[in-house]
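> I am attaching a structure below and will ask some questions about it afterwards.
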Amino acid sequence: MTGLGAAASLASGVLFIAADEAEAQDAAPARPPSGGTVWLPPLKIEGAEASSTNALQTDTGLNRLPDPLQSTPQTITVIPQVVIEQQHATTVDQVLQYVPGITVATGEGGGGITGDQFRIRGFDASGDLYVDGLRDFGSYVRDSFATENIMVLKGPSSQSFGNGTTGGVIEMDSKKAHLGNESSFEATGGMGPYGRGVLDVNRQLNETTAARVVVMGNRQDVVDRDHVYSDRWGVLGSLGFGLGTDQQVIVDYFHQHSNQRPDFGVPMVSVAGTIGEPVTEYGVRRSTYYGRESDRDLMDADVGTVLYKGQFGDWLTLTNDTRFGHYTRDLKFTPTMCASPGFPFPSTCATDVLAGNLNTPYSIWAVGGTKQTSYGGENVTTAVMRFETGWFRHELVSGVDAYAQHATTNFYLPVGPEPAGTLLHPIFNNSPGFTETMSSANRTKATSWDVGPFISDRVWLAPELSILGGVRWDHYEVDANVTGNQVGTTTNFASPKASLIWEPTAQQTYYFSYARSFTPPGHNITSLSSALGLPSAATQPNLKPEGDETFEIGGKWSLLNDRLGATAALFRVNKSNTSYTDPVTGIATTTDDNNRVQGVELGLTGKITAEWDVQASYSYMDSKIVKSTISPFTPVSADGNRVPYVSKHGASLWSTYDVASLVEGFPGHLLIGGGVNYRSDYYVNNLNTLRIPAVTTVDALVSYDPTDKYHVAINIINLTDALAYSSAFANGYATPVAGRTVTVTAAVRF
């Protein structure tokens with residue numbers, strides 16, 4: 001069949017499924033210098049094998065976005081494996097800490113109500129986490145042991161990924177079986193106390209088959225956070241068939257078990273007429289823990305994945321990817337508040353703190369916790385066809401994305417009345433006769449499903465100039481039984497995108513892009529807030545989904561013989577029907593509010609010299625609540641306020657230098673480096689009365705590889721012992737980061 005014939009058959013309704021796979025032996029399309037087809041092999045970024053960490057010369061690993069990053073008209077940040085290892089980032093939120101524009105509502109240290117809950121450019125991305133191009137269902141804290149690298153795609157991405165994706169997408173590329181024999185064991189110990197081990201074994205079984213097993217164990221007490229621990233273990237098994245051929249299948253199984261004490265941090269001072277900050281900003285020790293001994297977060301995730309990729313000649317690539325995941329979580333927590341009298345509890349905590357009295361009682365938020373079982377499955381089929389019509393070259397991407405998930409959530413009854421203690425002397429032990437009781441009245445069962453066909457075509461008008469246009473249509477349904485009431489919504493929407501791309505040389509790309517995305521009510525049913533938000537949707541049958549549109553103009557440059565990549569982008573995101581989180585209940589409900597976030601992002605990644613590696617970025621984001629309605633969430637107008645969770649300025653630098661090269665005859669590689677991370681202040685509510693202050697943190701690294709077989713490293717995290725916050729929530733609490741932490745890592749390759 002010719003390429004043109006394939007396009008015709010696709011137009012008549014033959015849609016194929018989606019995927020993601022990028023092995024070193026795969027090929028990615030690049031712009032041809034003279035109109036012919038040229039293939040640019042992707043760069044595999046893996047420790048000592050990588051000649052450069054210039055991410056622009058890699059591909060996305062997703063058939064829905066088949067071009068190299070250099071040629072993709074979107075701001076994309078890649079954190080490669082070598083940087084994850086250097087920073088000793090053990091959870092996904094730690095990996096993302098050096099990416100400006102990302103904030104965490106609740107996360108590591110204790111997970112929070114909905115597990116990892118990120119915001120990209122200020123917009124909720126808790127349902128926008130993907131592994132190998134497939135949704136990662138479930139609410140939990142994700143360890144990075146099974147992750148090869150992480151990619152953050154900024155801006156609305158519904159055309160490629162479906163509902164949600166307002167601020168962007170967090171895509172995790174999992175470790176997979178590959179050709180060749182490679183094994184390693186890494187052990188880390190340090191302050192806390194802290195201990196961790198990771199065993200990674202890959203074996204080639206025959207010419208086209210390989211198996212890989214990765215095993216992780218982690219025990220950790222958090223420095224300068226009393227009573228907080230994070231213990232977990234996990235295993236990843238991967239089998240690859242047909243590797244290095246035109247037809248390959250990879251089958252993965254992932255399991256992670258976590259046993260940790262949730263860290264809801266410290267309360268924030270909330271009093272009318274003032275801007276409140278965490279109580280640690282007023283003199284309370286950051287080690288102070290306000291939870292109870294019964295607080296816990298027990299989680300199990302079991303996920304199976306099958307990835308198929310077929311190459312049919314040089315014009316057609318088919319992928320079919322399927323995932324099914326089952327998750328359980330038992331979360332018991334005790335968040336606290338320090339509010340003004342009567343809001344929401346009769347208390348003088350906030351006014352006492354402002355008056356200098358820290359030994360004042362605080363309030364316990366009347367929520368007991370949840371026990372949830374959820375499961376979900378997704379199948380994505382994608383066809384990428386490259387063909388010519390007359391003078392024009394095409395790259396047509398089409399497919400179908402379908403998924404369904406179910407969640408059953410039971411609620412613990414609040415335990416009370418329980419004495420809270422004071423800010424300086426909180427009560428940790430449970431009271432005599434303490435019991436835990438599940439609510440017989442409050443229970444949520446929710447089921448959702450979505451089907452979304454998508455199509456896009458990139459057409460080269462000339463070797464240097466191309467246009468990209470695409471659209472996805474989604475039908476989304478959610479049905480739930482919430483405390484005995486049957487509720488549900490159905491949403492249909494189309495998500496278009498369009499780009500103009502100019503590539504005067506293979507090392508330069510300039511683009512203008514437009515895209516829209518939609519977030520329907522109840523789009524993430526494993527989120528506590530979304531599930532409880534469904535009753536409001538039932539009483540508002542005409543409730544529209546959140547709608548978002550972005551305009552972005554940018555450029556990408558590969559410099560120094562492609563060793564170094566530079567990016568720059570100007571963007572504006574307009575959001576309608578914005579949802580807010582109730583500061584008392586934590587329930588997210590949509591409104592008629594409109595928000596706007598606009599700014600600039602700059603990036604630099606790769607090698608300045610053979611010995612000097614750098615990952616640097618800067619973002620400026622001007623945010624504004626353009627339209628605000630009066631509601632229980634906003635008793636007064638918030639017009640003109642800053643959008644919550646958006647820092648105006650964010651800058652980060654991670655750099656290493658191989659000083660062994662300075663001494664002639666010095667064996668191996670001796671890296672000295674570290675990172676500086678700055679984030680300006682941001683608000684956690686739309687009234688702009690609760691603020692997380694600006695902070696600069698510093699990390700340091702010294703590592704030595706005497707040969708390719710052995711590796712030793714010393715990491716110092718939070719070198720200056722800065723008081724910073726890893727997460728915050730509109731309820732009025734924030735989680736301090738660990739104090740200065742020193743770890744030592746030893747690894748062997750065999």
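We label chains A, B, ... in the order they appear in the structure tokens, count residues from 1 in each chain, and number ligands from 1 in the order shown.
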Skipping near chain neighbours, those fewer than 2 positions away, what residues fall within 6 Å of stretch 204-215 of chain A using only C-alpha atoms, listed as a ChimeraX atom specification?
/A:177-181,198-202,234-243
> Kindly export the residues of the current selection with N, CA and C atoms, as a PDB file, in the first residue's frame.

ATOM      1  N   ALA A 177      13.465  -3.636  29.353  1.00  0.00           N
ATOM      2  CA  ALA A 177      14.442  -4.615  28.881  1.00  0.00           C
ATOM      3  C   ALA A 177      15.042  -4.140  27.570  1.00  0.00           C
ATOM      4  N   HIS A 178      16.368  -4.348  27.404  1.00  0.00           N
ATOM      5  CA  HIS A 178      17.048  -3.924  26.184  1.00  0.00           C
ATOM      6  C   HIS A 178      18.137  -4.931  25.846  1.00  0.00           C
ATOM      7  N   LEU A 179      18.614  -4.869  24.629  1.00  0.00           N
ATOM      8  CA  LEU A 179      19.664  -5.777  24.193  1.00  0.00           C
ATOM      9  C   LEU A 179      20.964  -5.460  24.921  1.00  0.00           C
ATOM     10  N   GLY A 180      21.738  -6.506  25.182  1.00  0.00           N
ATOM     11  CA  GLY A 180      22.989  -6.349  25.918  1.00  0.00           C
ATOM     12  C   GLY A 180      22.827  -6.756  27.368  1.00  0.00           C
ATOM     13  N   ASN A 181      23.931  -7.107  27.996  1.00  0.00           N
ATOM     14  CA  ASN A 181      23.939  -7.477  29.412  1.00  0.00           C
ATOM     15  C   ASN A 181      24.461  -6.303  30.225  1.00  0.00           C
ATOM     16  N   VAL A 198      19.123  -0.423  45.452  1.00  0.00           N
ATOM     17  CA  VAL A 198      18.478  -0.659  44.158  1.00  0.00           C
ATOM     18  C   VAL A 198      19.334  -1.644  43.367  1.00  0.00           C
ATOM     19  N   LEU A 199      18.736  -2.767  42.962  1.00  0.00           N
ATOM     20  CA  LEU A 199      19.388  -3.768  42.128  1.00  0.00           C
ATOM     21  C   LEU A 199      18.742  -3.732  40.752  1.00  0.00           C
ATOM     22  N   ASP A 200      19.559  -3.602  39.706  1.00  0.00           N
ATOM     23  CA  ASP A 200      19.060  -3.494  38.339  1.00  0.00           C
ATOM     24  C   ASP A 200      19.829  -4.500  37.473  1.00  0.00           C
ATOM     25  N   VAL A 201      19.124  -5.518  36.964  1.00  0.00           N
ATOM     26  CA  VAL A 201      19.762  -6.579  36.177  1.00  0.00           C
ATOM     27  C   VAL A 201      19.059  -6.692  34.832  1.00  0.00           C
ATOM     28  N   ASN A 202      19.813  -6.541  33.754  1.00  0.00           N
ATOM     29  CA  ASN A 202      19.293  -6.735  32.401  1.00  0.00           C
ATOM     30  C   ASN A 202      20.101  -7.831  31.716  1.00  0.00           C
ATOM     31  N   GLY A 234       9.809  -1.889  46.089  1.00  0.00           N
ATOM     32  CA  GLY A 234       9.164  -2.047  44.799  1.00  0.00           C
ATOM     33  C   GLY A 234       9.953  -2.959  43.886  1.00  0.00           C
ATOM     34  N   VAL A 235       9.283  -3.432  42.850  1.00  0.00           N
ATOM     35  CA  VAL A 235       9.927  -4.294  41.866  1.00  0.00           C
ATOM     36  C   VAL A 235       9.352  -3.981  40.485  1.00  0.00           C
ATOM     37  N   LEU A 236      10.204  -3.974  39.495  1.00  0.00           N
ATOM     38  CA  LEU A 236       9.799  -3.831  38.102  1.00  0.00           C
ATOM     39  C   LEU A 236      10.359  -5.003  37.324  1.00  0.00           C
ATOM     40  N   GLY A 237       9.494  -5.710  36.603  1.00  0.00           N
ATOM     41  CA  GLY A 237       9.923  -6.778  35.722  1.00  0.00           C
ATOM     42  C   GLY A 237       9.569  -6.427  34.292  1.00  0.00           C
ATOM     43  N   SER A 238      10.514  -6.631  33.370  1.00  0.00           N
ATOM     44  CA  SER A 238      10.288  -6.251  31.981  1.00  0.00           C
ATOM     45  C   SER A 238      10.829  -7.332  31.054  1.00  0.00           C
ATOM     46  N   LEU A 239      10.030  -7.717  30.060  1.00  0.00           N
ATOM     47  CA  LEU A 239      10.427  -8.662  29.024  1.00  0.00           C
ATOM     48  C   LEU A 239      10.285  -7.989  27.665  1.00  0.00           C
ATOM     49  N   GLY A 240      11.326  -8.061  26.870  1.00  0.00           N
ATOM     50  CA  GLY A 240      11.287  -7.475  25.540  1.00  0.00           C
ATOM     51  C   GLY A 240      11.444  -8.535  24.463  1.00  0.00           C
ATOM     52  N   PHE A 241      10.551  -8.530  23.482  1.00  0.00           N
ATOM     53  CA  PHE A 241      10.583  -9.484  22.382  1.00  0.00           C
ATOM     54  C   PHE A 241      10.722  -8.731  21.060  1.00  0.00           C
ATOM     55  N   GLY A 242      11.508  -9.278  20.168  1.00  0.00           N
ATOM     56  CA  GLY A 242      11.697  -8.648  18.873  1.00  0.00           C
ATOM     57  C   GLY A 242      12.528  -7.382  18.927  1.00  0.00           C
ATOM     58  N   LEU A 243      13.349  -7.249  19.967  1.00  0.00           N
ATOM     59  CA  LEU A 243      14.157  -6.046  20.110  1.00  0.00           C
ATOM     60  C   LEU A 243      15.140  -5.929  18.950  1.00  0.00           C
TER      61      LEU A 243
END
> Would you kindly return, as a PyMOL selection string, each protein, DNA or RNA residue with an atom no farther than 8 Å from any atom of stretch 715-718 of chain A, considering only C-alpha atoms and excluding same-chain residues fewer than 2 positions away?
chain A and resi 87-88+697-702+713+720-722+738-744
> Would you please work out which residue, of A:Tyr194, A:Tyr645, A:Tyr618, A:Phe729, is nearest to A:Val99 when using only C-alpha atoms?
A:Tyr618
> Between atom CA of A:Ser174 and atom CA of A:Gln220, what is the spacing in Å?
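Straight-line distance from atom CA of A:Gln220 to atom CA of A:Ser174 works out to 23.8 Å.
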> Of the residues A:Lys309, A:His425, A:Gly122, A:Val353, which is the one nearest to A:Lys624, using only C-alpha atoms?
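Once distances to A:Lys624 are computed over only C-alpha atoms, the minimum belongs to A:Gly122.
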> Taking into account only C-alpha atoms, which residue in the set A:Glu549, A:Asp93, A:Glu601, A:Asp562 is nearest to A:Ser576?
A:Glu549
> List the neighbours of A:Thr75 out to 9 Å using only C-alpha atoms; skip same-chain residues closer than 4 positions along the sequence, and give me the result as a CSV table (one decimal) with N, CA and C atoms, in the first residue's frame.

chain,number,residue,atom,x,y,z
A,69,LEU,N,12.7,16.5,20.0
A,69,LEU,CA,12.4,17.7,20.8
A,69,LEU,C,12.8,18.9,20.0
A,152,VAL,N,8.6,16.9,31.0
A,152,VAL,CA,7.5,17.7,31.3
A,152,VAL,C,7.1,18.5,30.0
A,153,LEU,N,5.9,18.3,29.5
A,153,LEU,CA,5.5,19.1,28.4
A,153,LEU,C,4.6,20.2,28.9
A,154,LYS,N,5.0,21.4,28.6
A,154,LYS,CA,4.2,22.6,29.1
A,154,LYS,C,3.1,23.0,28.2
A,155,GLY,N,2.0,23.5,28.7
A,155,GLY,CA,0.9,24.0,27.9
A,155,GLY,C,-0.2,23.0,27.7
A,552,GLU,N,1.8,30.2,22.2
A,552,GLU,CA,3.2,30.1,22.5
A,552,GLU,C,4.0,30.4,21.3
A,554,GLY,N,8.2,30.4,20.2
A,554,GLY,CA,9.5,30.0,20.8
A,554,GLY,C,10.5,29.6,19.8
A,567,THR,N,16.7,26.8,24.7
A,567,THR,CA,15.3,27.0,24.3
A,567,THR,C,14.8,28.4,24.9
A,568,ALA,N,13.9,29.0,24.3
A,568,ALA,CA,13.2,30.2,24.7
A,568,ALA,C,11.8,30.2,24.2
A,569,ALA,N,10.9,30.6,25.1
A,569,ALA,CA,9.5,30.7,24.7
A,569,ALA,C,8.7,31.7,25.4
A,601,GLU,N,9.9,31.4,29.3
A,601,GLU,CA,10.7,30.3,29.8
A,601,GLU,C,12.0,30.2,29.0
> Go through A:Val459, A:Ile170, A:Asp352, A:Asp300 one by one, measure the shortest atom-to-atom distance of each to A:Thr389 using only C-alpha atoms, and give the residue with the smallest value.
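Among A:Val459, A:Ile170, A:Asp352, A:Asp300, it is A:Val459 that comes nearest to A:Thr389.
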> With only C-alpha atoms as the basis for distance, which of A:Gly470, A:Gly61, A:Gly547, A:Gly399 is at the shortest distance from A:Val451?
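Using only C-alpha atoms, A:Val451 sits closest to A:Gly399.
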> Would you pick out the contacts of A:Pro426 at 10 Å or less, using only C-alpha atoms, so that residues sharing its chain but fewer than 4 positions from it are not included, and give the list as a PyMOL selection string?
chain A and resi 288-292+359-362+419-422
> Output the selection as a PDB file, in the first residue's frame - C-alpha atoms for each residue.

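This went into again_19.pdb:
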ATOM      1  CA  THR A 288       7.346  20.208  65.000  1.00  0.00           C
ATOM      2  CA  TYR A 289       4.853  17.544  63.926  1.00  0.00           C
ATOM      3  CA  TYR A 290       1.137  18.158  64.420  1.00  0.00           C
ATOM      4  CA  GLY A 291      -0.216  14.735  63.481  1.00  0.00           C
ATOM      5  CA  ARG A 292      -0.943  11.747  65.720  1.00  0.00           C
ATOM      6  CA  ASN A 359       2.313  28.779  72.879  1.00  0.00           C
ATOM      7  CA  THR A 360      -1.287  28.964  71.719  1.00  0.00           C
ATOM      8  CA  PRO A 361      -3.741  26.150  70.965  1.00  0.00           C
ATOM      9  CA  TYR A 362      -4.375  25.219  67.351  1.00  0.00           C
ATOM     10  CA  PRO A 419      -7.057  17.787  72.584  1.00  0.00           C
ATOM     11  CA  ALA A 420      -4.766  19.523  70.115  1.00  0.00           C
ATOM     12  CA  GLY A 421      -2.046  20.915  72.338  1.00  0.00           C
ATOM     13  CA  THR A 422      -0.268  24.139  71.450  1.00  0.00           C
TER      14      THR A 422
END
> Taking into account only C-alpha atoms, which residue in the set A:Lys371, A:Thr489, A:Arg458, A:Gly325 is nearest to A:Thr437?
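Nearest to A:Thr437: A:Lys371.
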> Could you list, as a ChimeraX atom specification, every residue within 6 Å of stretch 510-527 of chain A, counting only C-alpha atoms and ignoring same-chain residues fewer than 5 positions away?
/A:73,114,127,156,158,163-164,407,495-502,545-555
> Need to verify the contact set: A:Gly283, 12 Å, only C-alpha atoms, exclusion of same-chain residues closer than 4 positions in sequence. Can you return it as a list in words?
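Using only C-alpha atoms, the neighbours found are Val266, Glu277, Pro278, Val279, Ser287, Thr288, Val353, Leu354, Gly356, Asn357, Leu358, Asn359, Leu423, Leu424 and Leu723 of chain A.
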> Contacts of A:Val646 at 9 Å or less, counting only C-alpha atoms, minus same-chain residues fewer than 4 places along, as a list in words?
Gly101, Ile102, Thr103, Arg119, Ile120, Arg121, Gly122, Phe123, Val597, Met621, Asp622, Ser623, Arg642, Asp681, Tyr682, Tyr683 and Val684 of chain A
> Would you write out those residues with C-alpha atoms, as a compact mmCIF listing (two decimals), in the first residue's frame?

# COMPACT_ATOMS: atom_id res chain seq x y z
CA GLY A 101 6.81 26.37 36.77
CA ILE A 102 6.01 23.26 38.81
CA THR A 103 4.67 23.48 42.35
CA ARG A 119 0.66 21.99 39.36
CA ILE A 120 2.19 23.12 36.09
CA ARG A 121 2.11 26.87 35.48
CA GLY A 122 -0.34 27.02 38.37
CA PHE A 123 -2.82 24.52 36.93
CA VAL A 597 -0.96 33.07 33.15
CA MET A 621 5.07 33.99 35.04
CA ASP A 622 2.64 36.89 35.34
CA SER A 623 -0.65 35.51 36.64
CA ARG A 642 -2.52 36.40 41.43
CA ASP A 681 6.75 33.59 46.71
CA TYR A 682 3.35 32.25 45.72
CA TYR A 683 -0.15 32.18 47.18
CA VAL A 684 -2.12 29.02 47.89
